[in-house]
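Text of structure-v9.cif (mmCIF, C-alpha atoms) as supplied:
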data_coords
loop_
_atom_site.label_atom_id
_atom_site.label_comp_id
_atom_site.auth_asym_id
_atom_site.auth_seq_id
_atom_site.Cartn_x
_atom_site.Cartn_y
_atom_site.Cartn_z
CA MET N 19 1.55 28.97 6.22
CA THR N 20 0.04 29.86 9.59
CA LEU N 21 -3.23 28.19 10.58
CA THR N 22 -5.52 28.63 13.55
CA ARG N 23 -6.58 25.55 15.46
CA ASP N 24 -9.99 25.42 13.74
CA GLU N 25 -8.46 26.04 10.31
CA ALA N 26 -6.07 23.15 10.84
CA ALA N 27 -8.87 20.89 12.08
CA ALA N 28 -10.95 21.75 9.00
CA ARG N 29 -8.15 20.41 6.78
CA ILE N 30 -8.32 16.95 8.40
CA MET N 31 -10.66 14.19 7.25
CA VAL N 32 -10.93 11.51 9.93
CA ALA N 33 -11.39 8.07 8.39
CA LEU N 34 -14.25 6.35 10.20
CA ASP N 35 -12.89 2.89 9.38
CA ARG N 36 -15.15 1.04 11.76
CA PRO N 37 -17.14 -2.20 11.29
CA ASP N 38 -20.51 -0.78 12.30
CA ALA N 39 -22.40 2.35 13.29
CA ALA N 40 -21.98 1.81 17.03
CA ALA N 41 -18.20 1.65 16.79
CA ALA N 42 -18.18 4.73 14.55
CA GLU N 43 -20.37 6.65 17.00
CA SER N 44 -17.94 5.93 19.81
CA LEU N 45 -15.14 7.52 17.78
CA ILE N 46 -17.32 10.48 16.77
CA ARG N 47 -18.14 11.14 20.43
CA ALA N 48 -14.43 11.13 21.27
CA LEU N 49 -13.91 13.90 18.71
CA ASP N 50 -17.03 15.89 19.59
CA GLY N 51 -16.65 19.62 19.01
CA ILE N 52 -13.62 19.37 16.71
CA PRO N 53 -14.55 20.91 13.31
CA CYS N 54 -13.00 18.18 11.18
CA TRP N 55 -14.44 16.26 8.22
CA LEU N 56 -15.63 12.69 8.57
CA LYS N 57 -14.70 10.17 5.88
CA VAL N 58 -17.02 7.20 5.47
CA GLY N 59 -15.34 4.39 3.57
CA MET N 60 -16.53 1.10 2.16
CA GLU N 61 -16.33 -0.92 5.39
CA LEU N 62 -18.66 1.40 7.31
CA PHE N 63 -20.90 2.32 4.37
CA TYR N 64 -21.56 -1.33 3.53
CA ALA N 65 -22.35 -2.08 7.19
CA ALA N 66 -24.32 1.00 8.24
CA GLY N 67 -25.80 2.09 4.92
CA PRO N 68 -27.03 5.39 3.52
CA ALA N 69 -29.07 6.18 6.63
CA PHE N 70 -25.89 6.53 8.67
CA VAL N 71 -24.45 9.03 6.21
CA ALA N 72 -27.72 10.97 6.08
CA GLY N 73 -27.66 11.09 9.88
CA LEU N 74 -24.19 12.60 9.90
CA LYS N 75 -25.36 15.32 7.53
CA GLU N 76 -28.42 16.04 9.68
CA ARG N 77 -26.04 16.60 12.60
CA GLY N 78 -24.03 19.13 10.58
CA TYR N 79 -20.92 17.13 9.73
CA ARG N 80 -19.03 17.55 6.48
CA VAL N 81 -18.83 14.12 4.88
CA PHE N 82 -16.45 12.63 2.34
CA LEU N 83 -18.03 9.41 1.05
CA ASP N 84 -15.09 7.31 -0.06
CA VAL N 85 -16.65 4.57 -2.21
CA LYS N 86 -14.29 4.80 -5.20
CA MET N 87 -16.84 4.12 -7.94
CA HIS N 88 -15.45 2.34 -11.01
CA ASP N 89 -17.97 0.97 -13.50
CA ILE N 90 -19.52 1.73 -16.86
CA PRO N 91 -20.52 5.40 -17.26
CA ASN N 92 -24.27 4.84 -16.95
CA THR N 93 -23.89 2.92 -13.69
CA VAL N 94 -21.54 5.50 -12.24
CA LYS N 95 -23.92 8.29 -13.20
CA GLY N 96 -26.73 6.56 -11.32
CA GLY N 97 -24.50 5.98 -8.33
CA ALA N 98 -23.48 9.63 -8.31
CA MET N 99 -27.13 10.66 -8.31
CA SER N 100 -27.80 8.45 -5.28
CA LEU N 101 -24.81 9.82 -3.36
CA THR N 102 -25.76 13.40 -4.17
CA ARG N 103 -29.27 12.85 -2.79
CA LEU N 104 -27.67 11.77 0.50
CA GLY N 105 -26.26 15.28 0.80
CA VAL N 106 -22.58 14.30 0.97
CA ASP N 107 -20.05 17.07 0.47
CA LEU N 108 -17.48 15.05 -1.46
CA PHE N 109 -17.27 11.64 -3.14
CA ASN N 110 -14.86 9.88 -5.43
CA VAL N 111 -14.50 7.69 -8.49
CA HIS N 112 -11.50 5.85 -9.95
CA ALA N 113 -9.69 7.83 -12.64
CA ALA N 114 -8.82 4.48 -14.24
CA GLY N 115 -12.43 4.33 -15.44
CA GLY N 116 -11.59 6.97 -18.05
CA VAL N 117 -12.75 10.44 -18.97
CA ARG N 118 -16.26 9.46 -20.04
CA MET N 119 -16.90 7.63 -16.77
CA MET N 120 -15.70 10.62 -14.77
CA GLU N 121 -17.87 12.94 -16.84
CA ALA N 122 -20.84 10.69 -16.10
CA ALA N 123 -20.20 10.99 -12.36
CA LEU N 124 -20.26 14.77 -12.66
CA GLU N 125 -23.44 14.63 -14.75
CA GLY N 126 -25.12 12.50 -12.10
CA ALA N 127 -24.12 14.88 -9.31
CA GLU N 128 -25.39 17.89 -11.22
CA ALA N 129 -28.66 16.20 -12.22
CA ALA N 130 -29.48 15.21 -8.64
CA SER N 131 -28.45 18.46 -6.97
CA GLY N 132 -31.85 20.03 -7.55
CA GLY N 133 -30.47 23.51 -8.02
CA ARG N 134 -28.37 23.32 -4.86
CA PRO N 135 -24.57 23.28 -4.97
CA ARG N 136 -23.49 19.81 -6.04
CA PRO N 137 -21.00 17.76 -4.03
CA ARG N 138 -17.41 18.00 -5.15
CA VAL N 139 -16.27 14.99 -7.16
CA ILE N 140 -12.69 13.82 -7.13
CA ALA N 141 -10.80 10.96 -8.76
CA VAL N 142 -8.60 8.32 -7.16
CA THR N 143 -5.26 8.27 -9.00
CA GLN N 144 -3.07 5.61 -7.40
CA LEU N 145 -3.66 4.11 -3.96
CA THR N 146 -1.10 5.12 -1.35
CA SER N 147 -0.40 1.41 -0.83
CA THR N 148 0.88 1.16 -4.43
CA SER N 149 4.65 1.01 -4.76
CA ARG N 150 6.52 1.39 -8.03
CA GLU N 151 7.04 -2.38 -8.08
CA VAL N 152 3.29 -2.99 -7.88
CA LEU N 153 2.53 -0.21 -10.35
CA ASN N 154 4.94 -1.56 -12.98
CA GLY N 155 4.90 -5.29 -12.34
CA GLU N 156 1.31 -6.00 -11.33
CA ILE N 157 -0.90 -3.17 -12.58
CA GLY N 158 1.13 -2.87 -15.78
CA ILE N 159 1.62 0.90 -15.79
CA PRO N 160 5.18 2.00 -16.65
CA GLY N 161 7.04 4.86 -15.03
CA THR N 162 6.97 6.26 -11.51
CA PRO N 163 3.90 6.61 -9.26
CA GLU N 164 4.19 10.40 -9.63
CA GLU N 165 4.02 10.16 -13.43
CA ALA N 166 0.97 7.90 -13.23
CA VAL N 167 -0.73 10.19 -10.71
CA VAL N 168 -0.20 13.32 -12.80
CA ARG N 169 -1.47 11.57 -15.94
CA TYR N 170 -4.66 10.55 -14.14
CA ALA N 171 -5.00 14.02 -12.59
CA LEU N 172 -4.90 15.61 -16.03
CA LEU N 173 -7.62 13.23 -17.20
CA ALA N 174 -9.75 14.13 -14.16
CA LYS N 175 -9.30 17.84 -14.90
CA ARG N 176 -10.25 17.22 -18.53
CA ALA N 177 -13.43 15.51 -17.31
CA GLY N 178 -14.30 18.56 -15.21
CA LEU N 179 -13.74 17.01 -11.80
CA ASP N 180 -12.78 19.08 -8.79
CA GLY N 181 -9.58 17.28 -7.85
CA VAL N 182 -7.93 13.99 -7.06
CA VAL N 183 -6.94 11.64 -4.30
CA ALA N 184 -3.18 11.16 -4.29
CA SER N 185 -0.40 10.79 -1.79
CA ALA N 186 1.05 14.05 -0.52
CA ARG N 187 4.29 13.14 -2.27
CA GLU N 188 2.53 13.94 -5.56
CA ALA N 189 0.52 16.96 -4.37
CA ARG N 190 3.02 19.52 -5.62
CA ALA N 191 3.20 17.89 -9.06
CA VAL N 192 -0.61 17.71 -9.27
CA LYS N 193 -0.92 21.42 -8.48
CA ALA N 194 1.77 22.29 -11.02
CA ALA N 195 -0.01 20.30 -13.73
CA CYS N 196 -3.63 21.14 -12.94
CA GLY N 197 -3.61 24.48 -11.11
CA ALA N 198 -3.73 25.67 -7.52
CA GLY N 199 -7.53 25.38 -7.34
CA PHE N 200 -7.53 21.70 -8.26
CA LEU N 201 -8.03 19.77 -5.01
CA ALA N 202 -5.40 17.43 -3.65
CA VAL N 203 -6.92 15.11 -1.04
CA THR N 204 -4.10 13.14 0.53
CA PRO N 205 -4.28 9.88 2.47
CA GLY N 206 -1.17 8.05 3.68
CA ILE N 207 -0.59 10.65 6.41
CA ARG N 208 1.53 9.42 9.28
CA PRO N 209 3.01 11.46 12.14
CA ALA N 210 6.74 10.85 12.47
CA SER N 211 6.22 8.49 15.42
CA ALA N 212 3.51 6.37 13.74
CA PRO N 213 4.08 3.08 11.86
CA ALA N 214 3.57 3.01 8.08
CA ASP N 215 1.18 0.02 8.31
CA ASP N 216 0.22 -1.04 4.76
CA GLN N 217 1.01 2.33 3.19
CA ALA N 218 3.89 2.64 0.73
CA ARG N 219 3.90 6.41 0.00
CA ILE N 220 3.51 8.31 3.26
CA THR N 221 4.27 11.79 4.59
CA THR N 222 3.87 13.59 7.90
CA PRO N 223 0.94 16.01 8.35
CA ARG N 224 3.20 19.04 8.19
CA GLU N 225 5.03 17.79 5.09
CA ALA N 226 1.67 17.22 3.39
CA LEU N 227 0.49 20.79 3.95
CA GLU N 228 3.81 22.23 2.85
CA ALA N 229 3.56 20.14 -0.35
CA GLY N 230 0.22 21.75 -1.19
CA ALA N 231 -2.31 19.23 0.10
CA ASP N 232 -5.77 20.72 0.62
CA TYR N 233 -7.09 17.96 2.89
CA LEU N 234 -5.33 15.30 4.93
CA VAL N 235 -7.10 11.95 5.27
CA ILE N 236 -5.99 10.43 8.57
CA GLY N 237 -7.19 7.09 9.89
CA ARG N 238 -5.25 4.76 12.16
CA PRO N 239 -2.91 7.36 13.75
CA ILE N 240 -6.11 8.82 15.25
CA THR N 241 -8.66 6.02 15.20
CA ALA N 242 -6.37 3.26 16.52
CA ALA N 243 -4.85 5.45 19.24
CA PRO N 244 -5.70 4.67 22.88
CA ASP N 245 -7.01 8.24 23.14
CA PRO N 246 -8.21 9.41 19.67
CA ARG N 247 -8.86 12.96 20.82
CA ALA N 248 -5.37 13.33 22.26
CA ALA N 249 -3.90 11.92 19.05
CA PHE N 250 -5.91 14.44 17.01
CA GLU N 251 -4.80 17.31 19.21
CA SER N 252 -1.18 16.23 18.81
CA ILE N 253 -1.54 16.39 15.03
CA LEU N 254 -3.14 19.84 15.31
CA LYS N 255 -0.12 21.07 17.24
CA GLU N 256 2.08 19.89 14.39
CA LEU N 257 -0.06 21.64 11.77
CA ILE N 258 -0.48 24.98 13.51
CA GLY N 259 2.22 27.18 12.07
CA ALA N 260 3.09 24.67 9.31
#

Please express what this file holds, its structure, as structure tokens.
Amino acid sequence: MTLTRDEAAARIMVALDRPDAAAAESLIRALDGIPCWLKVGMELFYAAGPAFVAGLKERGYRVFLDVKMHDIPNTVKGGAMSLTRLGVDLFNVHAAGGVRMMEAALEGAEAASGGRPRPRVIAVTQLTSTSREVLNGEIGIPGTPEEAVVRYALLAKRAGLDGVVASAREARAVKAACGAGFLAVTPGIRPASAPADDQARITTPREALEAGADYLVIGRPITAAPDPRAAFESILKELIGA
């Protein structure tokens, strides 16, 4: 696969894991002009609120709102309606909530879209911090992480969702089970020189693309770097020609 610089940048979702809007803005300014996605997670969303997300959309950014909804179907449907009204491009729910809950999220997104294209909705399968030991011994799910991920991916497809969040190690299996058009959004991306931190199932950016990942969610290798822009550019060099 050969990508241009902008095509490679468009496959990266930078995790704005910052404690407040001011800290997030500093990072956004460092990446100004790079056509990447911005991922707003729970830490920033709880601190800065919906207005911050709406502001990103007004400025033309593509936004993945990573709030991992997991509740009864009616509550998730209402939450999906609220997120859709913000204008986000992508949001997620936990596949562990079951098919009906995932269907409710899709219903909420469609009801609130007002005739416009709805945001894409994806399901979290297993967190990239989950090892087999945690999966089997603590969560109580038997088998390997890949088996659990594929099972949840098939449930998400059955519910009509657009894809899943999974580590890049499972991206190829997800595509084989659910089809090439089913999105694989992959966190746990670490350049070869970066520490694993609290992630258990990691891959390099190039390995992730070669495994079939559609989008790479990258946080600390960029956001914790002394020069975030230089770190991003280094990752782009790795991806171009991957």

Would you kindly return, as a PyMOL selection string, each protein, DNA or RNA residue with an atom no farther than 8 Å from any atom of N:Ala177, considering only C-alpha atoms and excluding same-chain residues fewer than 5 positions away?
chain N and resi 117-118+120-121

Can you tell me how far atom CA of N:Asn110 sits from atom CA of N:Ala198, in Å to one decimal?
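According to the coordinates, atom CA of N:Asn110 and atom CA of N:Ala198 are separated by 19.4 Å.
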
Running the PyMOL selection byres ((chain N and resi 52-65) around 9) on this model by hand, what would come out? Give it as a PyMOL selection string.
chain N and resi 24-39+42+46+49-51+66-68+70-71+74+79-86+235+247

For the file shown, report as a ChimeraX atom specification the outcome of the PyMOL selection byres ((chain N and resi 195) around 10) at residue level.
/N:168-169,171-172,175,189-194,196-198,200

Between atom CA of N:Ala249 and atom CA of N:Thr146, what is the distance, to one decimal in Å?
21.7 Å

Grab the atom CA of N:Val111 to atom CA of N:Ala141 distance for me, in Å with one decimal place.
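So the two atoms, atom CA of N:Val111 and atom CA of N:Ala141, lie 4.9 Å apart.
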
Nearest to N:Arg150 among N:Pro163, N:Ala127, N:Thr204, N:Arg138, with distances taken over all atoms listed in the file: which residue is it?
N:Pro163

Starting from the PyMOL selection byres ((chain N and resi 255) around 12), expand the selection into actual residues of this file and give them as a ChimeraX atom specification.
/N:20-27,209,223-224,248-254,256-260

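Among N:Ile157, N:Ser149, N:Gly115, N:Phe109, the residue with the shortest atom-to-atom distance to N:Arg136, counting only C-alpha atoms, is N:Phe109.
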
Rank nothing, just name the residue among N:Ala69, N:Leu173, N:Leu104, N:Leu124 nearest to N:Asn92, using all atoms listed in the file.
N:Leu124

Which polymer residues have any atom within 12 Å of an atom of N:Ile159, counting all atoms listed in the file, with same-chain residues fewer than 4 positions away left out, as an MDAnalysis selection string?
chainID N and resid 114 144 148:155 163:167 169:170

Which residue, N:Ser100, N:Thr143, N:Thr221, N:Thr162, has the smallest gap to N:Val182 when you use all atoms listed in the file?
N:Thr143

Under the rule that all atoms listed in the file are counted, which of N:Ile140, N:Asp107, N:Gly97, N:Asp89 is the nearest residue to N:Met119?
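So, comparing all the options, the nearest one is N:Asp89.
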
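You can rank N:Met87, N:Ala130, N:Ala242, N:Val139 by their closest distance to N:Arg103 using all atoms listed in the file, and at the top of that list sits N:Ala130.
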